[in-house]
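The structure appears right after this line, and notes come after that.
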Amino acid sequence: MIRFEDVSKSYSRGSSGVSDISFEIGRGEFVFLIGTSGSGKTTLVKLMNREIKPDTGSIWVAGKNLVTMPAWKVPYFRRNIGVIFQDFRLLPNKSVFQNVAFALEVIGKPRKYINEQVPQILKLVGLDGKSERYPDQLSGGEQQRVAIARAFVNRPLILLADEPTGNLDPETSWGVMNLLERINRTGTAVVMATHDAGIVDSMRRRVIEIDHGTLHRDQSRGIYGIGV
């Protein structure tokens with residue numbers, strides 16, 4: 001599903017990237033990318049989504065070679081990928097329904113399909129009674145649920161989550177994690193970058209730890225700080 005082979009990416013002005021990274025993530029896995037701020041987690045997420053290209057190495061995602069993929073094919077590739085960010089990135093002038101529907105409109109889905117799918121997804125994320133509200137009428141946790149609904153409405157093979165609980169209180173964070181687990185059980189692979197040790201320790205899923213841009217640990221089920 002996702003394969004990195006000897007991948008390196010550096011930035012100008014000395015910003016940290018990643019160096020000689022190799023790993024595989026299988027279909028339907030739930031994997032945490034952990035590490036301190038600036039360790040390279042976000043770089044890996046961007047590489048998986050073809051926001052950036054590596055300097056060296058090869059990357060395969062959903063059967064596609066991202067290194068040789070021409071730019072015009074990238075939007076089509078991304079239809080298989082859902083992405084969730086720390087800062088929600090909702091459209092402020094659109095309602096909850098419209099924010100989620102927009103993800104289907106841009107790929108040309110018919111209105112009948114959109115009107116069927118969006119209510120189903122809003123019910124899944126616990127927002128079926130708030131479809132006409134706008135982002136500024138929602139709590140932070142509700143806004144993140146809208147972002148998750150938007151990322152998942154096209155039923156992607158892979159969901160990438162970059163610090164999705166970073167702006168949320170602990171109780172709200174657990175609600176988001178339960179939702180991501182539910183999505184994972186439908187067969188969608190979830191790759192979540194985080195520095196929240198409590199969440200990682202409690203969920204006990206596979207952990208890929210990045211330290212100063214290098215692969216420090218790849219552990220099937222473990223504790224954030226120590227091995228098991």
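Labels used: A, B, ... for chains in the order of the structure tokens, numbers from 1 for residues in each chain, and numbers from 1 for ligands as shown.
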
Please run DSSP on the backbone and report, as a PyMOL selection string, all residues within region 24-204 of chain A that come out as strand (DSSP E). chain A and resi 24-25+30-34+56-61+64-65+81-84+158-162+189-194

For C-alpha atoms, I'd like the residues from the last selection saved as a PDB file, in the first residue's frame.
```pdb
ATOM      1  CA  GLU A  24       6.242  -0.530   4.243  1.00  0.00           C
ATOM      2  CA  ILE A  25       2.660   0.001   5.414  1.00  0.00           C
ATOM      3  CA  PHE A  30      -3.134   1.861  11.534  1.00  0.00           C
ATOM      4  CA  VAL A  31       0.326   3.369  12.014  1.00  0.00           C
ATOM      5  CA  PHE A  32       1.621   6.198  14.179  1.00  0.00           C
ATOM      6  CA  LEU A  33       4.486   8.384  12.943  1.00  0.00           C
ATOM      7  CA  ILE A  34       6.105   9.790  16.070  1.00  0.00           C
ATOM      8  CA  THR A  56      16.625  10.218  -3.797  1.00  0.00           C
ATOM      9  CA  GLY A  57      14.870   6.898  -3.307  1.00  0.00           C
ATOM     10  CA  SER A  58      11.518   5.523  -4.446  1.00  0.00           C
ATOM     11  CA  ILE A  59       7.993   5.875  -3.073  1.00  0.00           C
ATOM     12  CA  TRP A  60       5.062   3.666  -4.004  1.00  0.00           C
ATOM     13  CA  VAL A  61       1.561   4.460  -2.756  1.00  0.00           C
ATOM     14  CA  LYS A  64       1.649   4.211  -8.023  1.00  0.00           C
ATOM     15  CA  ASN A  65       5.266   5.310  -8.335  1.00  0.00           C
ATOM     16  CA  ILE A  81      -5.910   9.662  -0.272  1.00  0.00           C
ATOM     17  CA  GLY A  82      -7.717  11.557   2.472  1.00  0.00           C
ATOM     18  CA  VAL A  83      -5.744  14.143   4.445  1.00  0.00           C
ATOM     19  CA  ILE A  84      -6.507  15.686   7.847  1.00  0.00           C
ATOM     20  CA  ILE A 158      -5.485   5.750   2.838  1.00  0.00           C
ATOM     21  CA  LEU A 159      -6.150   8.466   5.409  1.00  0.00           C
ATOM     22  CA  LEU A 160      -3.179  10.673   6.332  1.00  0.00           C
ATOM     23  CA  ALA A 161      -3.559  12.621   9.579  1.00  0.00           C
ATOM     24  CA  ASP A 162      -0.928  15.229  10.470  1.00  0.00           C
ATOM     25  CA  ALA A 189      -5.348   2.508   6.203  1.00  0.00           C
ATOM     26  CA  VAL A 190      -4.646   5.309   8.704  1.00  0.00           C
ATOM     27  CA  VAL A 191      -1.235   6.947   9.042  1.00  0.00           C
ATOM     28  CA  MET A 192      -1.161   9.490  11.855  1.00  0.00           C
ATOM     29  CA  ALA A 193       1.718  11.819  12.697  1.00  0.00           C
ATOM     30  CA  THR A 194       1.642  12.843  16.354  1.00  0.00           C
TER      31      THR A 194
END
```

Identify, on the basis of only C-alpha atoms, every residue whose closest approach to Ser37 (chain A) does not exceed 12 Å; exclude the query and any residue fewer than 3 positions from it along the same chain; express the result as a PyMOL selection string. chain A and resi 16-17+33-34+40-43+162-163+166+193-196+209-213

Can you write out the residues you just picked, keeping N, CA and C atoms, as an mmCIF file, in the first residue's frame?
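To be explicit, this is the file written out as out30.cif:
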```cif
data_model
loop_
_atom_site.group_PDB
_atom_site.id
_atom_site.type_symbol
_atom_site.label_atom_id
_atom_site.label_comp_id
_atom_site.auth_asym_id
_atom_site.auth_seq_id
_atom_site.Cartn_x
_atom_site.Cartn_y
_atom_site.Cartn_z
ATOM 1 N N SER A 16 15.369 20.758 8.480
ATOM 2 C CA SER A 16 15.478 19.309 8.553
ATOM 3 C C SER A 16 14.544 18.631 7.568
ATOM 4 N N GLY A 17 14.950 17.500 7.062
ATOM 5 C CA GLY A 17 14.121 16.689 6.186
ATOM 6 C C GLY A 17 14.190 15.255 6.667
ATOM 7 N N LEU A 33 3.177 7.796 13.192
ATOM 8 C CA LEU A 33 4.486 8.384 12.943
ATOM 9 C C LEU A 33 4.778 9.296 14.124
ATOM 10 N N ILE A 34 5.817 8.995 14.886
ATOM 11 C CA ILE A 34 6.105 9.790 16.070
ATOM 12 C C ILE A 34 7.506 10.374 15.988
ATOM 13 N N GLY A 40 10.789 15.234 11.179
ATOM 14 C CA GLY A 40 10.594 14.766 9.807
ATOM 15 C C GLY A 40 9.239 14.123 9.560
ATOM 16 N N LYS A 41 8.362 14.116 10.558
ATOM 17 C CA LYS A 41 7.048 13.469 10.404
ATOM 18 C C LYS A 41 6.228 14.114 9.288
ATOM 19 N N THR A 42 6.136 15.436 9.316
ATOM 20 C CA THR A 42 5.331 16.128 8.309
ATOM 21 C C THR A 42 5.927 15.953 6.920
ATOM 22 N N THR A 43 7.249 15.901 6.839
ATOM 23 C CA THR A 43 7.892 15.641 5.542
ATOM 24 C C THR A 43 7.433 14.306 4.977
ATOM 25 N N ASP A 162 -2.114 14.533 9.978
ATOM 26 C CA ASP A 162 -0.928 15.229 10.470
ATOM 27 C C ASP A 162 -1.292 16.016 11.723
ATOM 28 N N GLU A 163 -0.957 15.466 12.893
ATOM 29 C CA GLU A 163 -1.259 16.072 14.195
ATOM 30 C C GLU A 163 -2.742 16.453 14.313
ATOM 31 N N GLY A 166 -3.734 18.011 17.668
ATOM 32 C CA GLY A 166 -2.804 18.997 18.210
ATOM 33 C C GLY A 166 -3.476 20.218 18.805
ATOM 34 N N ALA A 193 0.549 11.191 12.100
ATOM 35 C CA ALA A 193 1.718 11.819 12.697
ATOM 36 C C ALA A 193 1.289 12.510 13.986
ATOM 37 N N THR A 194 2.008 12.262 15.067
ATOM 38 C CA THR A 194 1.642 12.843 16.354
ATOM 39 C C THR A 194 2.838 12.874 17.289
ATOM 40 N N HIS A 195 2.755 13.754 18.285
ATOM 41 C CA HIS A 195 3.730 13.719 19.380
ATOM 42 C C HIS A 195 3.010 13.486 20.702
ATOM 43 N N ASP A 196 1.747 13.055 20.642
ATOM 44 C CA ASP A 196 0.946 12.810 21.837
ATOM 45 C C ASP A 196 1.244 11.410 22.377
ATOM 46 N N GLU A 209 9.062 5.596 14.475
ATOM 47 C CA GLU A 209 9.629 6.762 15.137
ATOM 48 C C GLU A 209 10.746 7.365 14.293
ATOM 49 N N ILE A 210 10.638 8.672 14.070
ATOM 50 C CA ILE A 210 11.634 9.409 13.304
ATOM 51 C C ILE A 210 12.425 10.297 14.259
ATOM 52 N N ASP A 211 13.737 10.260 14.144
ATOM 53 C CA ASP A 211 14.595 11.064 15.013
ATOM 54 C C ASP A 211 15.619 11.789 14.151
ATOM 55 N N HIS A 212 15.514 13.122 14.120
ATOM 56 C CA HIS A 212 16.429 13.931 13.306
ATOM 57 C C HIS A 212 16.486 13.439 11.860
ATOM 58 N N GLY A 213 15.306 13.100 11.325
ATOM 59 C CA GLY A 213 15.201 12.739 9.921
ATOM 60 C C GLY A 213 15.541 11.303 9.573
#
```

So that I can check the surroundings of Asp136 (chain A), please list as a compact mmCIF listing (two decimals) with all heavy atoms, in the first residue's frame every protein, DNA and RNA residue that reaches within 12 Å of it, counting only C-alpha atoms and ignoring chain neighbours fewer than 2 positions away.
```
# COMPACT_ATOMS: atom_id res chain seq x y z
N PHE A 88 -7.53 22.15 10.71
CA PHE A 88 -8.86 21.89 10.14
C PHE A 88 -8.97 22.28 8.66
O PHE A 88 -9.45 21.51 7.86
CB PHE A 88 -9.97 22.57 10.94
CG PHE A 88 -9.86 22.46 12.43
CD1 PHE A 88 -10.16 23.54 13.24
CD2 PHE A 88 -9.42 21.28 13.03
CE1 PHE A 88 -10.05 23.44 14.62
CE2 PHE A 88 -9.30 21.18 14.41
CZ PHE A 88 -9.62 22.26 15.20
N LEU A 90 -11.06 24.29 7.06
CA LEU A 90 -12.42 24.32 6.52
C LEU A 90 -12.65 25.63 5.75
O LEU A 90 -11.99 26.63 6.00
CB LEU A 90 -13.44 24.19 7.65
CG LEU A 90 -13.33 22.93 8.52
CD1 LEU A 90 -14.41 22.95 9.59
CD2 LEU A 90 -13.42 21.67 7.68
N LEU A 91 -13.61 25.60 4.85
CA LEU A 91 -13.97 26.80 4.10
C LEU A 91 -14.98 27.58 4.94
O LEU A 91 -16.09 27.11 5.18
CB LEU A 91 -14.58 26.41 2.75
CG LEU A 91 -13.64 25.60 1.85
CD1 LEU A 91 -14.40 25.03 0.66
CD2 LEU A 91 -12.49 26.47 1.37
N PRO A 92 -14.61 28.78 5.43
CA PRO A 92 -15.45 29.48 6.40
C PRO A 92 -16.80 29.94 5.87
O PRO A 92 -17.75 30.10 6.64
CB PRO A 92 -14.58 30.68 6.81
CG PRO A 92 -13.66 30.89 5.66
CD PRO A 92 -13.39 29.52 5.11
N ASN A 93 -16.90 30.13 4.56
CA ASN A 93 -18.14 30.62 3.97
C ASN A 93 -19.06 29.50 3.50
O ASN A 93 -20.06 29.75 2.82
CB ASN A 93 -17.84 31.57 2.81
CG ASN A 93 -17.08 30.88 1.68
OD1 ASN A 93 -16.38 29.90 1.93
ND2 ASN A 93 -17.20 31.39 0.47
N LYS A 94 -18.73 28.27 3.84
CA LYS A 94 -19.55 27.13 3.46
C LYS A 94 -20.03 26.40 4.71
O LYS A 94 -19.32 26.33 5.71
CB LYS A 94 -18.78 26.16 2.56
CG LYS A 94 -18.46 26.71 1.17
CD LYS A 94 -17.80 25.66 0.30
CE LYS A 94 -17.47 26.20 -1.08
NZ LYS A 94 -18.70 26.46 -1.87
N SER A 95 -21.24 25.85 4.62
CA SER A 95 -21.80 25.10 5.74
C SER A 95 -21.07 23.76 5.90
O SER A 95 -20.24 23.38 5.06
CB SER A 95 -23.28 24.84 5.49
OG SER A 95 -23.45 23.94 4.40
N VAL A 96 -21.40 23.07 6.98
CA VAL A 96 -20.83 21.74 7.21
C VAL A 96 -21.10 20.85 6.00
O VAL A 96 -20.19 20.20 5.47
CB VAL A 96 -21.43 21.12 8.49
CG1 VAL A 96 -21.08 19.63 8.58
CG2 VAL A 96 -20.92 21.86 9.72
N GLU A 132 -26.19 22.28 8.53
CA GLU A 132 -26.38 23.64 8.03
C GLU A 132 -25.57 24.68 8.81
O GLU A 132 -25.62 25.87 8.49
CB GLU A 132 -27.87 24.00 8.07
CG GLU A 132 -28.74 23.10 7.21
CD GLU A 132 -28.24 23.01 5.77
OE1 GLU A 132 -27.94 24.07 5.18
OE2 GLU A 132 -28.14 21.88 5.24
N ARG A 133 -24.82 24.25 9.81
CA ARG A 133 -24.01 25.20 10.57
C ARG A 133 -22.73 25.54 9.80
O ARG A 133 -22.31 24.81 8.91
CB ARG A 133 -23.67 24.62 11.95
CG ARG A 133 -24.90 24.43 12.83
CD ARG A 133 -24.52 24.18 14.26
NE ARG A 133 -25.70 23.93 15.08
CZ ARG A 133 -25.66 23.75 16.39
NH1 ARG A 133 -24.51 23.79 17.03
NH2 ARG A 133 -26.77 23.53 17.06
N TYR A 134 -22.12 26.65 10.21
CA TYR A 134 -20.88 27.10 9.60
C TYR A 134 -19.72 26.87 10.58
O TYR A 134 -19.94 26.73 11.79
CB TYR A 134 -20.99 28.57 9.20
CG TYR A 134 -21.85 28.76 7.97
CD1 TYR A 134 -23.24 28.73 8.07
CD2 TYR A 134 -21.28 28.91 6.71
CE1 TYR A 134 -24.04 28.87 6.94
CE2 TYR A 134 -22.06 29.05 5.58
CZ TYR A 134 -23.45 29.03 5.70
OH TYR A 134 -24.23 29.14 4.58
N LEU A 138 -19.09 26.09 15.33
CA LEU A 138 -18.73 24.77 15.83
C LEU A 138 -17.57 24.85 16.81
O LEU A 138 -16.75 25.76 16.75
CB LEU A 138 -18.32 23.85 14.66
CG LEU A 138 -19.33 23.64 13.54
CD1 LEU A 138 -18.69 22.84 12.42
CD2 LEU A 138 -20.59 22.96 14.05
N SER A 139 -17.49 23.87 17.71
CA SER A 139 -16.33 23.74 18.59
C SER A 139 -15.14 23.22 17.78
O SER A 139 -15.29 22.76 16.64
CB SER A 139 -16.63 22.78 19.73
OG SER A 139 -16.78 21.45 19.23
N GLY A 140 -13.96 23.26 18.39
CA GLY A 140 -12.78 22.73 17.71
C GLY A 140 -12.92 21.27 17.36
O GLY A 140 -12.56 20.83 16.26
N GLU A 142 -15.69 19.62 16.83
CA GLU A 142 -16.67 19.47 15.75
C GLU A 142 -16.06 19.87 14.41
O GLU A 142 -16.32 19.22 13.39
CB GLU A 142 -17.90 20.32 16.05
CG GLU A 142 -18.76 19.77 17.18
CD GLU A 142 -19.83 20.73 17.64
OE1 GLU A 142 -19.67 21.96 17.44
OE2 GLU A 142 -20.84 20.27 18.20
N GLN A 143 -15.24 20.91 14.41
CA GLN A 143 -14.57 21.30 13.17
C GLN A 143 -13.66 20.20 12.67
O GLN A 143 -13.59 19.93 11.47
CB GLN A 143 -13.78 22.59 13.39
CG GLN A 143 -14.65 23.82 13.58
CD GLN A 143 -13.82 25.09 13.66
OE1 GLN A 143 -13.10 25.45 12.71
NE2 GLN A 143 -13.89 25.78 14.78
```

Hey, which bits of region 56-80 of chain A sit within 9 Å of region 97-113 of chain A, and for each residue what's the closest pair of atoms and how far apart in Å (one decimal), counting only C-alpha atoms, rows by chain and increasing number, as CSV?
```
residue,atom,partner,partner_atom,distance
A:Pro75,CA,A:Ile107,CA,9.0
A:Tyr76,CA,A:Ile107,CA,8.5
A:Arg79,CA,A:Ile107,CA,7.9
```

What would the file look like if the residues just selected were written as a compact mmCIF listing (two decimals), in the first residue's frame with C-alpha atoms?
```txt
# COMPACT_ATOMS: atom_id res chain seq x y z
CA PRO A 75 -4.89 15.09 -8.66
CA TYR A 76 -6.21 11.70 -9.83
CA ARG A 79 -8.57 10.69 -4.98
```

Set out as CSV a contact list for region 33-144 of chain A and region 178-183 of chain A with a cut-off of 10 Å, giving each residue of region 33-144 of chain A that qualifies its closest atom pair and distance in Å to one decimal, counting only C-alpha atoms, ordered by chain and rising residue number.
```
residue,atom,partner,partner_atom,distance
A:Leu124,CA,A:Leu179,CA,8.3
A:Val125,CA,A:Leu179,CA,6.7
A:Gly126,CA,A:Leu179,CA,9.2
```

Take the residues from that selection and write them out as a CSV table (one decimal), in the first residue's frame, keeping N, CA, C and O atoms.
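So again.csv came out as:
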```csv
chain,number,residue,atom,x,y,z
A,124,LEU,N,-21.9,9.3,10.4
A,124,LEU,CA,-20.7,8.5,10.9
A,124,LEU,C,-19.9,9.3,11.9
A,124,LEU,O,-19.4,8.8,12.9
A,125,VAL,N,-19.7,10.6,11.6
A,125,VAL,CA,-18.8,11.4,12.5
A,125,VAL,C,-19.5,12.1,13.6
A,125,VAL,O,-18.9,12.9,14.3
A,126,GLY,N,-20.8,11.9,13.7
A,126,GLY,CA,-21.6,12.4,14.8
A,126,GLY,C,-22.1,13.9,14.6
A,126,GLY,O,-22.3,14.6,15.5
```

Neighbour list for Ile21 (chain A) as an MDAnalysis selection string, cut-off 6 Å, only C-alpha atoms, skip fewer than 4 positions in-chain: chainID A and resid 6:7 215

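You can rank A:Asp201, A:Ile2, A:Lys53, A:Met48 by their closest distance to Pro70 (chain A) using only C-alpha atoms, and at the top of that list sits A:Lys53.
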
Hey, can you check how far CA of Val153 (chain A) sits from CA of Ile121 (chain A)? 6.2 Å
